[in-house]
$ cat entry.cif   # mmCIF, C-alpha atoms
data_model
#
loop_
_atom_site.label_atom_id
_atom_site.label_comp_id
_atom_site.auth_asym_id
_atom_site.auth_seq_id
_atom_site.Cartn_x
_atom_site.Cartn_y
_atom_site.Cartn_z
CA MET A 1 -10.35 -38.81 -57.89
CA LEU A 2 -8.44 -36.13 -56.06
CA LEU A 3 -4.74 -35.85 -56.70
CA ASN A 4 -2.36 -36.56 -53.87
CA PRO A 5 -1.55 -32.99 -52.67
CA TYR A 6 2.17 -33.76 -52.53
CA ALA A 7 2.11 -35.11 -56.10
CA ALA A 8 0.21 -32.00 -57.21
CA TYR A 9 2.85 -29.87 -55.45
CA LEU A 10 5.60 -31.72 -57.26
CA ALA A 11 3.76 -31.43 -60.59
CA ILE A 12 3.64 -27.66 -60.16
CA TYR A 13 7.02 -26.99 -58.67
CA MET A 14 9.25 -29.58 -60.25
CA ASP A 15 8.59 -28.36 -63.80
CA PRO A 16 11.10 -25.54 -64.34
CA ILE A 17 9.05 -23.64 -66.94
CA THR A 18 5.93 -23.69 -64.72
CA ARG A 19 8.00 -22.35 -61.84
CA LEU A 20 9.30 -19.53 -64.07
CA VAL A 21 5.80 -18.72 -65.37
CA ASN A 22 4.39 -18.58 -61.81
CA HIS A 23 7.19 -16.16 -60.99
CA LEU A 24 6.63 -14.01 -64.12
CA GLN A 25 2.92 -13.76 -63.36
CA ARG A 26 3.71 -12.09 -60.04
CA PHE A 27 5.07 -9.12 -62.07
CA VAL A 28 3.30 -9.07 -65.45
CA PRO A 29 0.18 -10.59 -67.02
CA PHE A 30 2.09 -13.38 -68.76
CA SER A 31 -0.28 -15.30 -71.02
CA GLU A 32 -0.54 -19.12 -70.96
CA LYS A 33 -0.42 -19.05 -74.78
CA ASP A 34 3.18 -17.78 -74.61
CA ILE A 35 4.40 -20.74 -72.55
CA PRO A 36 5.31 -22.88 -75.63
CA ALA A 37 7.76 -20.14 -76.76
CA LEU A 38 9.55 -20.40 -73.41
CA LYS A 39 9.54 -24.21 -73.56
CA GLU A 40 11.01 -24.09 -77.05
CA HIS A 41 13.79 -21.60 -76.39
CA LEU A 42 14.92 -22.04 -72.77
CA GLY A 43 17.25 -24.83 -71.68
CA THR A 44 17.24 -26.75 -68.39
CA LEU A 45 20.49 -27.60 -66.66
CA HIS A 46 21.27 -29.62 -63.54
CA VAL A 47 24.58 -28.71 -61.92
CA GLY A 48 26.33 -30.45 -59.06
CA LYS A 49 27.57 -28.64 -55.94
CA LYS A 50 30.77 -26.65 -56.69
CA GLU A 51 30.34 -27.19 -60.46
CA HIS A 52 31.04 -24.11 -62.60
CA LEU A 53 28.64 -22.65 -65.17
CA VAL A 54 31.08 -19.89 -66.16
CA GLU A 55 34.87 -19.98 -65.86
CA PRO A 56 36.97 -16.79 -65.92
CA LEU A 57 38.01 -15.44 -69.32
CA GLN A 58 35.38 -17.58 -71.04
CA PRO A 59 32.29 -16.22 -72.82
CA CYS A 60 29.17 -15.85 -70.71
CA ASN A 61 26.34 -16.17 -73.23
CA GLU A 62 23.64 -17.46 -70.86
CA HIS A 63 21.35 -15.84 -68.33
CA TYR A 64 20.54 -18.28 -65.48
CA PHE A 65 17.22 -18.53 -63.61
CA VAL A 66 17.47 -20.60 -60.43
CA VAL A 67 14.60 -23.13 -60.23
CA GLU A 68 16.09 -24.90 -57.23
CA GLY A 69 19.40 -24.47 -55.43
CA CYS A 70 21.89 -21.64 -55.14
CA LEU A 71 24.50 -20.11 -57.46
CA ARG A 72 27.11 -17.45 -56.80
CA MET A 73 29.26 -15.15 -58.91
CA TYR A 74 32.82 -14.45 -57.75
CA PHE A 75 36.26 -13.42 -58.90
CA PHE A 76 39.81 -13.96 -57.69
CA ASN A 77 41.22 -10.76 -56.21
CA GLU A 78 44.83 -9.63 -56.55
CA LYS A 79 45.83 -11.76 -53.55
CA GLY A 80 44.27 -14.82 -55.22
CA ASP A 81 41.35 -14.96 -52.76
CA GLU A 82 37.79 -15.64 -53.94
CA GLN A 83 35.56 -12.56 -53.67
CA THR A 84 31.81 -13.27 -53.93
CA VAL A 85 29.83 -10.42 -55.55
CA GLN A 86 26.38 -11.99 -55.90
CA PHE A 87 24.26 -14.96 -54.83
CA ALA A 88 21.14 -16.26 -56.57
CA ILE A 89 18.59 -18.56 -54.93
CA GLU A 90 15.19 -19.77 -56.20
CA ASP A 91 13.45 -17.28 -58.57
CA TRP A 92 16.57 -15.13 -58.99
CA TRP A 93 18.45 -14.50 -62.21
CA ILE A 94 22.23 -14.32 -62.39
CA THR A 95 24.85 -13.63 -65.05
CA ASP A 96 27.84 -11.37 -65.73
CA HIS A 97 25.74 -8.70 -67.41
CA ALA A 98 28.62 -6.86 -69.10
CA ALA A 99 29.92 -10.07 -70.73
CA TYR A 100 26.38 -11.29 -71.48
CA THR A 101 25.23 -8.01 -73.05
CA GLN A 102 28.37 -7.29 -75.06
CA GLY A 103 29.32 -10.86 -75.97
CA VAL A 104 32.81 -10.50 -74.47
CA ASP A 105 34.70 -12.83 -72.11
CA SER A 106 33.71 -12.80 -68.45
CA HIS A 107 36.01 -11.75 -65.64
CA PHE A 108 33.84 -13.61 -63.12
CA CYS A 109 33.12 -17.25 -62.29
CA ILE A 110 29.57 -18.54 -61.78
CA GLN A 111 29.41 -21.64 -59.59
CA ALA A 112 26.73 -23.82 -57.98
CA VAL A 113 26.91 -23.41 -54.17
CA GLU A 114 24.41 -26.29 -53.85
CA SER A 115 23.30 -28.93 -56.33
CA SER A 116 20.97 -26.82 -58.50
CA THR A 117 18.44 -26.82 -61.34
CA VAL A 118 18.52 -23.76 -63.58
CA LEU A 119 16.84 -22.49 -66.71
CA THR A 120 19.19 -20.95 -69.27
CA VAL A 121 18.49 -18.26 -71.87
CA ASN A 122 21.03 -17.54 -74.57
CA ARG A 123 21.62 -13.80 -75.09
CA LYS A 124 20.62 -13.88 -78.76
CA ILE A 125 17.47 -15.86 -77.97
CA GLN A 126 16.63 -13.46 -75.12
CA GLU A 127 16.61 -10.55 -77.59
CA ASP A 128 14.35 -12.54 -79.98
CA LEU A 129 12.03 -13.44 -77.10
CA PHE A 130 11.75 -9.76 -76.10
CA ARG A 131 10.58 -8.98 -79.64
CA ALA A 132 8.05 -11.84 -79.62
CA LEU A 133 6.80 -11.45 -76.03
CA PRO A 134 6.40 -7.81 -74.88
CA ALA A 135 5.31 -9.03 -71.41
CA LEU A 136 8.71 -10.67 -71.01
CA GLU A 137 10.47 -7.43 -71.93
CA ARG A 138 8.30 -5.56 -69.38
CA TYR A 139 9.20 -8.17 -66.74
CA PHE A 140 12.93 -7.69 -67.41
CA ARG A 141 12.57 -3.88 -67.39
CA ILE A 142 11.11 -4.23 -63.88
CA ILE A 143 13.73 -6.79 -62.79
CA TYR A 144 16.69 -4.73 -64.07
CA GLN A 145 15.21 -1.56 -62.51
CA ARG A 146 15.00 -3.33 -59.14
CA ALA A 147 18.46 -4.85 -59.54
CA PHE A 148 19.97 -1.44 -60.27
CA ALA A 149 18.09 0.10 -57.29
CA ALA A 150 19.55 -2.67 -55.07
CA ALA A 151 23.04 -2.05 -56.50
CA GLN A 152 22.79 1.70 -55.69
CA TYR A 153 21.72 0.82 -52.15
CA ARG A 154 24.45 -1.79 -51.77
CA MET A 155 27.07 0.71 -52.94
CA ARG A 156 25.95 3.03 -50.14
CA VAL A 157 25.95 0.25 -47.53
CA ARG A 158 29.46 -0.83 -48.53
CA GLN A 159 30.76 2.75 -48.36
CA ASP A 160 29.03 3.82 -45.18
CA TYR A 161 28.08 0.96 -42.85
CA SER A 162 30.23 -1.03 -40.43
CA GLY A 163 30.68 -4.77 -41.07
CA GLU A 164 28.33 -5.47 -38.16
CA ASP A 165 25.55 -3.22 -39.52
CA THR A 166 26.04 -4.69 -43.03
CA TYR A 167 25.52 -8.19 -41.59
CA LEU A 168 22.43 -7.12 -39.62
CA MET A 169 20.84 -5.48 -42.68
CA PHE A 170 21.57 -8.54 -44.80
CA LYS A 171 20.09 -10.85 -42.12
CA LYS A 172 16.97 -8.68 -41.91
CA SER A 173 16.50 -8.76 -45.71
CA TYR A 174 17.34 -12.48 -46.16
CA PRO A 175 16.79 -14.21 -42.78
CA ASP A 176 16.78 -17.76 -44.20
CA PHE A 177 19.89 -17.22 -46.26
CA VAL A 178 22.50 -16.46 -43.61
CA ASP A 179 23.13 -20.12 -42.71
CA ARG A 180 22.50 -21.54 -46.17
CA VAL A 181 25.90 -20.81 -47.72
CA PRO A 182 29.48 -21.47 -46.54
CA GLN A 183 30.41 -18.70 -44.14
CA TYR A 184 33.61 -17.71 -45.97
CA MET A 185 31.48 -16.94 -49.06
CA LEU A 186 29.00 -14.87 -47.05
CA ALA A 187 31.88 -13.02 -45.33
CA SER A 188 33.49 -12.07 -48.65
CA TYR A 189 30.09 -10.95 -50.00
CA LEU A 190 29.65 -8.72 -46.93
CA GLY A 191 33.22 -7.41 -47.18
CA ILE A 192 34.34 -8.74 -43.79
CA THR A 193 36.61 -11.58 -42.65
CA PRO A 194 35.14 -15.01 -41.78
CA GLU A 195 36.50 -14.56 -38.24
CA TYR A 196 34.68 -11.25 -37.79
CA LEU A 197 31.47 -12.73 -39.28
CA SER A 198 31.66 -15.48 -36.66
CA VAL A 199 32.03 -12.91 -33.84
CA VAL A 200 29.12 -10.80 -35.16
CA LYS A 201 26.84 -13.85 -35.63
CA LYS A 202 27.45 -14.99 -32.05
CA ARG A 203 26.70 -11.47 -30.79
CA HIS A 204 23.33 -11.45 -32.61
CA ALA A 205 22.40 -15.16 -32.38
CA MET B 1 16.58 30.36 -98.04
CA LEU B 2 19.05 28.19 -96.17
CA LEU B 3 19.04 28.32 -92.41
CA ASN B 4 22.08 29.59 -90.63
CA PRO B 5 23.83 26.30 -89.63
CA TYR B 6 24.41 27.55 -86.09
CA ALA B 7 20.73 28.50 -85.74
CA ALA B 8 19.77 25.07 -87.07
CA TYR B 9 22.14 23.49 -84.55
CA LEU B 10 20.52 25.46 -81.75
CA ALA B 11 17.04 24.61 -83.03
CA ILE B 12 17.91 20.92 -82.79
CA TYR B 13 19.89 20.88 -79.59
CA MET B 14 18.26 23.52 -77.49
CA ASP B 15 14.87 21.78 -77.52
CA PRO B 16 15.06 19.26 -74.67
CA ILE B 17 12.49 16.82 -76.13
CA THR B 18 14.30 16.74 -79.50
CA ARG B 19 17.55 15.99 -77.70
CA LEU B 20 15.87 13.14 -75.80
CA VAL B 21 14.28 11.74 -78.98
CA ASN B 22 17.63 11.84 -80.83
CA HIS B 23 19.09 9.90 -77.91
CA LEU B 24 16.22 7.35 -77.80
CA GLN B 25 16.55 6.73 -81.53
CA ARG B 26 20.13 5.56 -81.01
CA PHE B 27 18.69 2.58 -79.05
CA VAL B 28 15.16 1.91 -80.34
CA PRO B 29 13.04 2.83 -83.38
CA PHE B 30 11.20 5.62 -81.57
CA SER B 31 8.43 6.96 -83.83
CA GLU B 32 7.97 10.68 -84.52
CA LYS B 33 4.23 10.21 -83.88
CA ASP B 34 5.00 9.44 -80.22
CA ILE B 35 6.79 12.76 -79.63
CA PRO B 36 3.60 14.62 -78.56
CA ALA B 37 3.12 12.11 -75.70
CA LEU B 38 6.60 12.97 -74.41
CA LYS B 39 5.95 16.70 -74.83
CA GLU B 40 2.71 16.38 -72.90
CA HIS B 41 4.02 14.35 -69.97
CA LEU B 42 7.65 15.35 -69.40
CA GLY B 43 8.65 18.50 -67.56
CA THR B 44 11.64 20.77 -68.21
CA LEU B 45 13.63 22.22 -65.35
CA HIS B 46 16.52 24.66 -65.21
CA VAL B 47 18.64 24.36 -62.07
CA GLY B 48 21.43 26.61 -60.93
CA LYS B 49 24.88 25.36 -59.91
CA LYS B 50 24.75 23.72 -56.43
CA GLU B 51 20.94 23.78 -56.42
CA HIS B 52 19.30 20.59 -55.10
CA LEU B 53 16.68 18.55 -56.95
CA VAL B 54 16.33 16.03 -54.10
CA GLU B 55 17.06 16.63 -50.43
CA PRO B 56 17.65 13.76 -47.99
CA LEU B 57 14.59 12.19 -46.35
CA GLN B 58 12.33 13.76 -48.97
CA PRO B 59 10.38 11.83 -51.62
CA CYS B 60 12.15 11.28 -54.94
CA ASN B 61 9.31 10.96 -57.42
CA GLU B 62 11.14 12.16 -60.54
CA HIS B 63 13.57 10.56 -62.94
CA TYR B 64 15.96 13.17 -64.40
CA PHE B 65 17.39 13.21 -67.94
CA VAL B 66 20.29 15.64 -68.36
CA VAL B 67 19.83 17.79 -71.48
CA GLU B 68 22.73 20.06 -70.61
CA GLY B 69 24.94 20.26 -67.54
CA CYS B 70 25.89 17.82 -64.81
CA LEU B 71 24.11 16.38 -61.77
CA ARG B 72 25.40 14.17 -58.99
CA MET B 73 23.87 11.94 -56.32
CA TYR B 74 25.51 11.84 -52.90
CA PHE B 75 24.92 11.13 -49.23
CA PHE B 76 26.46 12.25 -45.96
CA ASN B 77 28.48 9.44 -44.41
CA GLU B 78 28.73 8.76 -40.67
CA LYS B 79 31.52 11.34 -40.32
CA GLY B 80 29.30 13.94 -41.99
CA ASP B 81 31.36 13.99 -45.21
CA GLU B 82 29.69 14.06 -48.64
CA GLN B 83 30.09 10.79 -50.52
CA THR B 84 29.30 10.97 -54.26
CA VAL B 85 27.86 7.73 -55.67
CA GLN B 86 26.90 8.80 -59.20
CA PHE B 87 27.32 11.57 -61.77
CA ALA B 88 25.08 12.26 -64.77
CA ILE B 89 26.11 14.40 -67.75
CA GLU B 90 24.28 15.00 -71.06
CA ASP B 91 22.07 12.07 -72.18
CA TRP B 92 22.30 10.30 -68.81
CA TRP B 93 19.42 9.54 -66.47
CA ILE B 94 19.72 9.83 -62.70
CA THR B 95 17.51 9.19 -59.69
CA ASP B 96 17.48 7.27 -56.40
CA HIS B 97 15.89 4.19 -57.94
CA ALA B 98 14.81 2.54 -54.68
CA ALA B 99 12.96 5.69 -53.54
CA TYR B 100 11.65 6.36 -57.07
CA THR B 101 10.39 2.81 -57.63
CA GLN B 102 8.87 2.27 -54.19
CA GLY B 103 7.62 5.81 -53.54
CA VAL B 104 9.56 6.06 -50.26
CA ASP B 105 11.79 8.87 -48.96
CA SER B 106 15.29 9.13 -50.41
CA HIS B 107 18.46 8.69 -48.40
CA PHE B 108 20.45 10.52 -51.09
CA CYS B 109 20.72 14.12 -52.31
CA ILE B 110 20.65 15.00 -56.02
CA GLN B 111 22.39 18.27 -56.81
CA ALA B 112 23.39 20.26 -59.92
CA VAL B 113 27.20 20.31 -60.19
CA GLU B 114 26.85 22.87 -63.04
CA SER B 115 23.94 25.05 -64.09
CA SER B 116 21.81 22.41 -65.87
CA THR B 117 18.71 21.79 -67.97
CA VAL B 118 16.90 18.54 -67.25
CA LEU B 119 13.79 16.71 -68.36
CA THR B 120 11.75 15.21 -65.53
CA VAL B 121 9.45 12.17 -65.57
CA ASN B 122 7.19 11.48 -62.63
CA ARG B 123 7.21 7.81 -61.57
CA LYS B 124 3.47 7.35 -62.07
CA ILE B 125 3.64 9.00 -65.49
CA GLN B 126 6.63 6.85 -66.44
CA GLU B 127 4.57 3.70 -65.80
CA ASP B 128 1.71 5.09 -67.94
CA LEU B 129 4.16 6.01 -70.70
CA PHE B 130 5.57 2.47 -70.70
CA ARG B 131 2.05 1.14 -71.28
CA ALA B 132 1.42 3.64 -74.09
CA LEU B 133 4.86 3.50 -75.76
CA PRO B 134 6.41 -0.01 -75.91
CA ALA B 135 9.53 1.45 -77.59
CA LEU B 136 10.13 3.54 -74.46
CA GLU B 137 9.85 0.47 -72.25
CA ARG B 138 12.34 -1.36 -74.51
CA TYR B 139 14.70 1.62 -74.26
CA PHE B 140 14.55 1.56 -70.46
CA ARG B 141 15.02 -2.24 -70.38
CA ILE B 142 18.25 -1.69 -72.33
CA ILE B 143 19.31 1.29 -70.17
CA TYR B 144 18.66 -0.50 -66.86
CA GLN B 145 20.42 -3.64 -68.15
CA ARG B 146 23.50 -1.55 -69.01
CA ALA B 147 23.32 0.35 -65.72
CA PHE B 148 23.21 -2.90 -63.75
CA ALA B 149 26.11 -4.32 -65.81
CA ALA B 150 28.12 -1.17 -65.00
CA ALA B 151 27.21 -1.49 -61.29
CA GLN B 152 28.44 -5.13 -61.21
CA TYR B 153 31.69 -4.01 -62.85
CA ARG B 154 32.06 -1.03 -60.50
CA MET B 155 31.53 -3.30 -57.48
CA ARG B 156 34.44 -5.40 -58.68
CA VAL B 157 36.66 -2.38 -59.34
CA ARG B 158 35.94 -0.98 -55.87
CA GLN B 159 36.72 -4.31 -54.21
CA ASP B 160 39.79 -5.24 -56.21
CA TYR B 161 41.60 -2.28 -57.77
CA SER B 162 43.99 0.22 -56.20
CA GLY B 163 42.95 3.88 -56.10
CA GLU B 164 45.43 4.61 -58.87
CA ASP B 165 44.03 1.88 -61.17
CA THR B 166 40.47 2.99 -60.40
CA TYR B 167 41.38 6.54 -61.50
CA LEU B 168 43.09 5.31 -64.68
CA MET B 169 40.10 3.15 -65.67
CA PHE B 170 37.70 6.03 -65.00
CA LYS B 171 39.87 8.41 -67.07
CA LYS B 172 40.00 5.90 -69.94
CA SER B 173 36.18 5.51 -69.90
CA TYR B 174 35.37 9.21 -69.44
CA PRO B 175 38.42 11.23 -70.62
CA ASP B 176 36.57 14.57 -70.84
CA PHE B 177 34.96 14.21 -67.46
CA VAL B 178 37.98 14.08 -65.15
CA ASP B 179 38.48 17.85 -65.07
CA ARG B 180 34.81 18.79 -65.40
CA VAL B 181 33.77 18.35 -61.75
CA PRO B 182 35.27 19.58 -58.47
CA GLN B 183 38.10 17.24 -57.54
CA TYR B 184 36.79 16.48 -54.03
CA MET B 185 33.60 15.09 -55.63
CA LEU B 186 35.56 12.97 -58.11
CA ALA B 187 37.83 11.70 -55.30
CA SER B 188 34.86 10.61 -53.15
CA TYR B 189 33.27 8.91 -56.20
CA LEU B 190 36.53 6.99 -56.78
CA GLY B 191 36.87 6.14 -53.09
CA ILE B 192 40.17 7.97 -52.58
CA THR B 193 41.19 11.20 -50.82
CA PRO B 194 41.44 14.47 -52.78
CA GLU B 195 45.15 14.60 -51.85
CA TYR B 196 45.79 11.16 -53.33
CA LEU B 197 43.77 12.03 -56.46
CA SER B 198 46.02 15.07 -56.93
CA VAL B 199 49.16 12.89 -56.65
CA VAL B 200 47.80 10.30 -59.09
CA LYS B 201 46.67 12.95 -61.62
CA LYS B 202 50.13 14.56 -61.64
CA ARG B 203 51.72 11.14 -62.12
CA HIS B 204 49.53 10.49 -65.19
CA ALA B 205 49.20 14.04 -66.59
#
$ encode --input "entry.cif" --output "structure tokens"
Amino acid sequence: MLLNPYAAYLAIYMDPITRLVNHLQRFVPFSEKDIPALKEHLGTLHVGKKEHLVEPLQPCNEHYFVVEGCLRMYFFNEKGDEQTVQFAIEDWWITDHAAYTQGVDSHFCIQAVESSTVLTVNRKIQEDLFRALPALERYFRIIYQRAFAAAQYRMRVRQDYSGEDTYLMFKKSYPDFVDRVPQYMLASYLGITPEYLSVVKKRHA
Amino acid sequence: MLLNPYAAYLAIYMDPITRLVNHLQRFVPFSEKDIPALKEHLGTLHVGKKEHLVEPLQPCNEHYFVVEGCLRMYFFNEKGDEQTVQFAIEDWWITDHAAYTQGVDSHFCIQAVESSTVLTVNRKIQEDLFRALPALERYFRIIYQRAFAAAQYRMRVRQDYSGEDTYLMFKKSYPDFVDRVPQYMLASYLGITPEYLSVVKKRHA
């Protein structure tokens, strides 16, 4: 008997570890025999919209992989306004890497923008997993290399491009994302005011 | 017969590969038996002060490790002014990671701030070396993870701190570096004018 295609779809995509493994296999030859190690050591967390995973001045000992939903990392600037520095949607990792790597308190908040399902990896376990699974270490070498390349590029965009050009480049890179998050969060990520974002969006609707 | 200590010092530190291996061994257990692979595949380059390693809109197929000297990465902003985005002194790596990783033309320049000696790794060779030397891949996973953590932190500093605080934090992190490079380069890296940098330096001399 054939499986209902929708049920098969759910069976594949609703299991967080399977979703992560499918993602890993796009970058490295991750062996099926290593899946039990992931199942044993990674946690699954469901967080409601606006719920916080990391509060400021608290430790940040987990690395989060978004299975479904959207997280963001932000801080409160000197005026007390929220300043978003990063978003993470499906198949993206997010954490405060300085706090995570060094085991010190975070100066950022990590919050669910939407109701989300995430996999969590504790920093000590991540180091053990790298020793046990060289393919996982290779995957993270590639991911960190790409993340740092994107950060270099973003630094240039923020220093050199107008708010309008920054928005257009972001929209070109992430076309489905522009309307997915509250506009004040997107505006602070882009370094422009919500009012100016509204003007620019209308101009390029 | 005992070696002259100064000659021994030179013997250790003037050989670029030995300097790199000493550095690698601070992060990973890099085996002596893997040194010939580095000697075979890495190049050594001497560049004069102000000489360019990468010109804009040219490929950037090398990753540079500074053995001695100082490099910087910069671009020309819309006004035509140089904008420094990164420095690299001894034991630091530098490249335009987006161009290097994807094999596309660079939108940055990489220039020697001082007369420098660098080791070079071609991007295709680097991938082969990662396959041959897992310790090297682990080292770069750690280095990229730290670089991305620093980029997240720098993004926050640039968005939230005054020019004066940015200078003070930079001076605290790199006390010997503040007077090592031309002040207009340091000012553009910190996102302030050379005139303001001069005022702030006098205030905190």
$ resolve_selection --input "entry.cif" --expression "the PyMOL selection byres ((chain A) within 8 of (chain B))" --output "tab-separated table (two decimals) with C-alpha atoms, in the frame of the given file"
chain	number	residue	atom	x	y	z
A	77	ASN	CA	41.22	-10.76	-56.21
A	78	GLU	CA	44.83	-9.63	-56.55
A	85	VAL	CA	29.83	-10.42	-55.55
A	96	ASP	CA	27.84	-11.37	-65.73
A	97	HIS	CA	25.74	-8.70	-67.41
A	98	ALA	CA	28.62	-6.86	-69.10
A	101	THR	CA	25.23	-8.01	-73.05
A	134	PRO	CA	6.40	-7.81	-74.88
A	137	GLU	CA	10.47	-7.43	-71.93
A	138	ARG	CA	8.30	-5.56	-69.38
A	140	PHE	CA	12.93	-7.69	-67.41
A	141	ARG	CA	12.57	-3.88	-67.39
A	142	ILE	CA	11.11	-4.23	-63.88
A	144	TYR	CA	16.69	-4.73	-64.07
A	145	GLN	CA	15.21	-1.56	-62.51
A	146	ARG	CA	15.00	-3.33	-59.14
A	147	ALA	CA	18.46	-4.85	-59.54
A	148	PHE	CA	19.97	-1.44	-60.27
A	149	ALA	CA	18.09	0.10	-57.29
A	150	ALA	CA	19.55	-2.67	-55.07
A	151	ALA	CA	23.04	-2.05	-56.50
A	152	GLN	CA	22.79	1.70	-55.69
A	153	TYR	CA	21.72	0.82	-52.15
A	155	MET	CA	27.07	0.71	-52.94
A	156	ARG	CA	25.95	3.03	-50.14
A	160	ASP	CA	29.03	3.82	-45.18
$ residues_around --input "entry.cif" --residues "range 173-182 of chain A" --least-positions-apart "5" --cutoff "9 Å" --atoms "only C-alpha atoms" --output "PDB file with C-alpha atoms, in the frame of the given file"
ATOM      1  CA  CYS A  70      21.890 -21.640 -55.140  1.00  0.00           C
ATOM      2  CA  ILE A  89      18.590 -18.560 -54.930  1.00  0.00           C
ATOM      3  CA  VAL A 113      26.910 -23.410 -54.170  1.00  0.00           C
ATOM      4  CA  GLU A 114      24.410 -26.290 -53.850  1.00  0.00           C
ATOM      5  CA  LEU A 168      22.430  -7.120 -39.620  1.00  0.00           C
ATOM      6  CA  ALA A 187      31.880 -13.020 -45.330  1.00  0.00           C
TER       7      ALA A 187
END
$ resolve_selection --input "entry.cif" --expression "the PyMOL selection byres ((chain A and resi 192) around 12)" --output "PyMOL selection string"
(chain A and resi 83-84+158+161-167+183-191+193-200) or (chain B and resi 159)
$ write_last_selection --input "entry.cif" --atoms "C-alpha atoms" --output "CSV table (one decimal), in the frame of the given file"
chain,number,residue,atom,x,y,z
A,83,GLN,CA,35.6,-12.6,-53.7
A,84,THR,CA,31.8,-13.3,-53.9
A,158,ARG,CA,29.5,-0.8,-48.5
A,161,TYR,CA,28.1,1.0,-42.8
A,162,SER,CA,30.2,-1.0,-40.4
A,163,GLY,CA,30.7,-4.8,-41.1
A,164,GLU,CA,28.3,-5.5,-38.2
A,165,ASP,CA,25.6,-3.2,-39.5
A,166,THR,CA,26.0,-4.7,-43.0
A,167,TYR,CA,25.5,-8.2,-41.6
A,183,GLN,CA,30.4,-18.7,-44.1
A,184,TYR,CA,33.6,-17.7,-46.0
A,185,MET,CA,31.5,-16.9,-49.1
A,186,LEU,CA,29.0,-14.9,-47.0
A,187,ALA,CA,31.9,-13.0,-45.3
A,188,SER,CA,33.5,-12.1,-48.6
A,189,TYR,CA,30.1,-11.0,-50.0
A,190,LEU,CA,29.6,-8.7,-46.9
A,191,GLY,CA,33.2,-7.4,-47.2
A,193,THR,CA,36.6,-11.6,-42.6
A,194,PRO,CA,35.1,-15.0,-41.8
A,195,GLU,CA,36.5,-14.6,-38.2
A,196,TYR,CA,34.7,-11.2,-37.8
A,197,LEU,CA,31.5,-12.7,-39.3
A,198,SER,CA,31.7,-15.5,-36.7
A,199,VAL,CA,32.0,-12.9,-33.8
A,200,VAL,CA,29.1,-10.8,-35.2
B,159,GLN,CA,36.7,-4.3,-54.2
$ atom_distance --input "entry.cif" --atom1 "CA of Gln58 in chain A" --atom2 "CA of Ser106 in chain A"
5.7 Å
$ resolve_selection --input "entry.cif" --expression "the PyMOL selection byres ((chain B and resi 59-68) around 10)" --output "CSV table (one decimal) with C-alpha atoms, in the frame of the given file"
chain,number,residue,atom,x,y,z
B,13,TYR,CA,19.9,20.9,-79.6
B,14,MET,CA,18.3,23.5,-77.5
B,15,ASP,CA,14.9,21.8,-77.5
B,16,PRO,CA,15.1,19.3,-74.7
B,17,ILE,CA,12.5,16.8,-76.1
B,18,THR,CA,14.3,16.7,-79.5
B,19,ARG,CA,17.6,16.0,-77.7
B,20,LEU,CA,15.9,13.1,-75.8
B,42,LEU,CA,7.6,15.4,-69.4
B,43,GLY,CA,8.6,18.5,-67.6
B,44,THR,CA,11.6,20.8,-68.2
B,45,LEU,CA,13.6,22.2,-65.4
B,46,HIS,CA,16.5,24.7,-65.2
B,53,LEU,CA,16.7,18.6,-57.0
B,54,VAL,CA,16.3,16.0,-54.1
B,55,GLU,CA,17.1,16.6,-50.4
B,56,PRO,CA,17.6,13.8,-48.0
B,57,LEU,CA,14.6,12.2,-46.4
B,58,GLN,CA,12.3,13.8,-49.0
B,69,GLY,CA,24.9,20.3,-67.5
B,70,CYS,CA,25.9,17.8,-64.8
B,71,LEU,CA,24.1,16.4,-61.8
B,88,ALA,CA,25.1,12.3,-64.8
B,89,ILE,CA,26.1,14.4,-67.8
B,90,GLU,CA,24.3,15.0,-71.1
B,91,ASP,CA,22.1,12.1,-72.2
B,92,TRP,CA,22.3,10.3,-68.8
B,93,TRP,CA,19.4,9.5,-66.5
B,94,ILE,CA,19.7,9.8,-62.7
B,95,THR,CA,17.5,9.2,-59.7
B,96,ASP,CA,17.5,7.3,-56.4
B,97,HIS,CA,15.9,4.2,-57.9
B,98,ALA,CA,14.8,2.5,-54.7
B,99,ALA,CA,13.0,5.7,-53.5
B,100,TYR,CA,11.6,6.4,-57.1
B,101,THR,CA,10.4,2.8,-57.6
B,102,GLN,CA,8.9,2.3,-54.2
B,103,GLY,CA,7.6,5.8,-53.5
B,104,VAL,CA,9.6,6.1,-50.3
B,105,ASP,CA,11.8,8.9,-49.0
B,106,SER,CA,15.3,9.1,-50.4
B,107,HIS,CA,18.5,8.7,-48.4
B,108,PHE,CA,20.4,10.5,-51.1
B,109,CYS,CA,20.7,14.1,-52.3
B,110,ILE,CA,20.6,15.0,-56.0
B,114,GLU,CA,26.8,22.9,-63.0
B,115,SER,CA,23.9,25.0,-64.1
B,116,SER,CA,21.8,22.4,-65.9
B,117,THR,CA,18.7,21.8,-68.0
B,118,VAL,CA,16.9,18.5,-67.2
B,119,LEU,CA,13.8,16.7,-68.4
B,120,THR,CA,11.8,15.2,-65.5
B,121,VAL,CA,9.4,12.2,-65.6
B,122,ASN,CA,7.2,11.5,-62.6
B,123,ARG,CA,7.2,7.8,-61.6
B,124,LYS,CA,3.5,7.4,-62.1
B,125,ILE,CA,3.6,9.0,-65.5
B,126,GLN,CA,6.6,6.8,-66.4
$ atom_distance --input "entry.cif" --atom1 "CA of Glu40 in chain A" --atom2 "CA of Gln25 in chain A"
19.0 Å
$ atom_distance --input "entry.cif" --atom1 "CA of Glu127 in chain B" --atom2 "CA of Val28 in chain B"
18.1 Å
$ axis_aligned_box --input "entry.cif" --around "range 34-42 of chain B" --padding-each-side "4 Å" --output "JSON"
{"center_x": 5.2, "center_y": 13.1, "center_z": -74.8, "size_x": 12.9, "size_y": 15.3, "size_z": 18.8}
